[in-house]
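Taking it in order: structure first as structure tokens, then the write-up.
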Amino acid sequence: MAVGILAGYPMIDVKVTLFDGSYHDVDSSELAYKIAASKALTKAKDLIGTVLLEPIMDVSVVVPSDHMGVM
């Protein structure tokens with residue numbers, strides 16, 4: 001899902017299982033299923049909420065002493 005429901009960020013590691021559905025020769029199309037999926041994700045977001053997970057990084061910077069300023 002390249003565009004997520006929270007700030008437009010991509011959604012990764014998301015699994016969706018369809019338990020029930022139907023098909024109609026006239027009304028069933030790829031676009032109809034995409035719209036239904038989008039509405040279902042929006043409803044799920046409203047029911048359970050969302051959390052933006054941001055990366056946590058530990059960075060060490062090593063600089064020769066002649067390039068360091070006075071601290």
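Chain labels follow the order of the structure tokens: the first chain is A, the next B, and so on; residue numbering restarts at 1 in every chain, and ligands are counted from 1 in their shown order.
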
Exercise for the section: Do a neighbour search on A:Gly21 at 12 Å with only C-alpha atoms, toss out local chain neighbours closer than 4 positions, and write the hits as JSON, numbers by chain. Expected result: {"A": [17, 28, 33, 36, 37]}

Dump N, CA and C atoms for the selected residues as an mmCIF file, in the first residue's frame?
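Output (out.cif):
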data_model
loop_
_atom_site.group_PDB
_atom_site.id
_atom_site.type_symbol
_atom_site.label_atom_id
_atom_site.label_comp_id
_atom_site.auth_asym_id
_atom_site.auth_seq_id
_atom_site.Cartn_x
_atom_site.Cartn_y
_atom_site.Cartn_z
ATOM 1 N N THR A 17 -7.350 -9.990 5.610
ATOM 2 C CA THR A 17 -8.017 -11.236 5.253
ATOM 3 C C THR A 17 -9.483 -10.951 4.970
ATOM 4 N N SER A 28 -18.951 -5.707 -10.341
ATOM 5 C CA SER A 28 -17.648 -6.078 -9.795
ATOM 6 C C SER A 28 -16.550 -5.741 -10.803
ATOM 7 N N TYR A 33 -13.350 -2.977 -6.263
ATOM 8 C CA TYR A 33 -12.687 -3.644 -5.142
ATOM 9 C C TYR A 33 -11.667 -2.719 -4.476
ATOM 10 N N ALA A 36 -13.643 -0.302 -2.319
ATOM 11 C CA ALA A 36 -14.142 -1.000 -1.127
ATOM 12 C C ALA A 36 -13.019 -1.215 -0.115
ATOM 13 N N ALA A 37 -11.830 -1.589 -0.588
ATOM 14 C CA ALA A 37 -10.692 -1.802 0.308
ATOM 15 C C ALA A 37 -10.283 -0.499 0.988
#

Practice task
Would you mind listing what lies within 12 Å of A:Gly4 as a list in words, with only C-alpha atoms counted and same-chain residues fewer than 4 positions away left out?
Solution key: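 Non-adjacent residues within range: Gly8, Tyr9, Pro10, Met11, Ile12, Asp13, Val14, Ser38, Leu41, Thr42, Lys45, Thr50, Val51 and Leu52 of chain A.
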
Could you save the residues just selected, with C-alpha atoms, as an mmCIF file, in the first residue's frame?
data_model
loop_
_atom_site.group_PDB
_atom_site.id
_atom_site.type_symbol
_atom_site.label_atom_id
_atom_site.label_comp_id
_atom_site.auth_asym_id
_atom_site.auth_seq_id
_atom_site.Cartn_x
_atom_site.Cartn_y
_atom_site.Cartn_z
ATOM 1 C CA GLY A 8 -0.009 9.493 3.277
ATOM 2 C CA TYR A 9 2.975 7.419 4.415
ATOM 3 C CA PRO A 10 3.257 3.909 2.945
ATOM 4 C CA MET A 11 1.836 1.053 4.987
ATOM 5 C CA ILE A 12 4.178 -1.904 5.331
ATOM 6 C CA ASP A 13 3.733 -5.334 6.891
ATOM 7 C CA VAL A 14 -0.066 -5.061 6.719
ATOM 8 C CA SER A 38 -9.935 1.890 0.782
ATOM 9 C CA LEU A 41 -9.149 0.615 5.815
ATOM 10 C CA THR A 42 -10.536 4.062 6.603
ATOM 11 C CA LYS A 45 -8.564 3.398 11.213
ATOM 12 C CA THR A 50 -3.349 4.668 14.058
ATOM 13 C CA VAL A 51 0.168 5.245 15.344
ATOM 14 C CA LEU A 52 3.060 6.719 13.406
#

Practice task
Have a look at atom CA of A:Lys39 and atom CA of A:Ile5 and let me know their distance in Å, one decimal.
Solution key: 10.4 Å

Practice task
Take atom CA of A:Asp46 and atom CA of A:Leu31 and report the distance between them in Å, one decimal.
Solution key: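 The value is 22.7 Å.
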
Exercise for the section: Please measure the separation of atom CA of A:Tyr23 and atom CA of A:Lys43, giving the value in Å to one decimal. Expected result: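 The value is 21.8 Å.
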
Exercise for the section: Would you return as a list in words the members of chain A that DSSP assigns to alpha helix (DSSP H) on this structure's backbone? Expected result: Glu30, Leu31, Ala32, Tyr33, Lys34, Ile35, Ala36, Ala37, Ser38, Lys39, Ala40, Leu41, Thr42, Lys43, Ala44, Lys45, Asp46, Leu47 and Ile48 of chain A
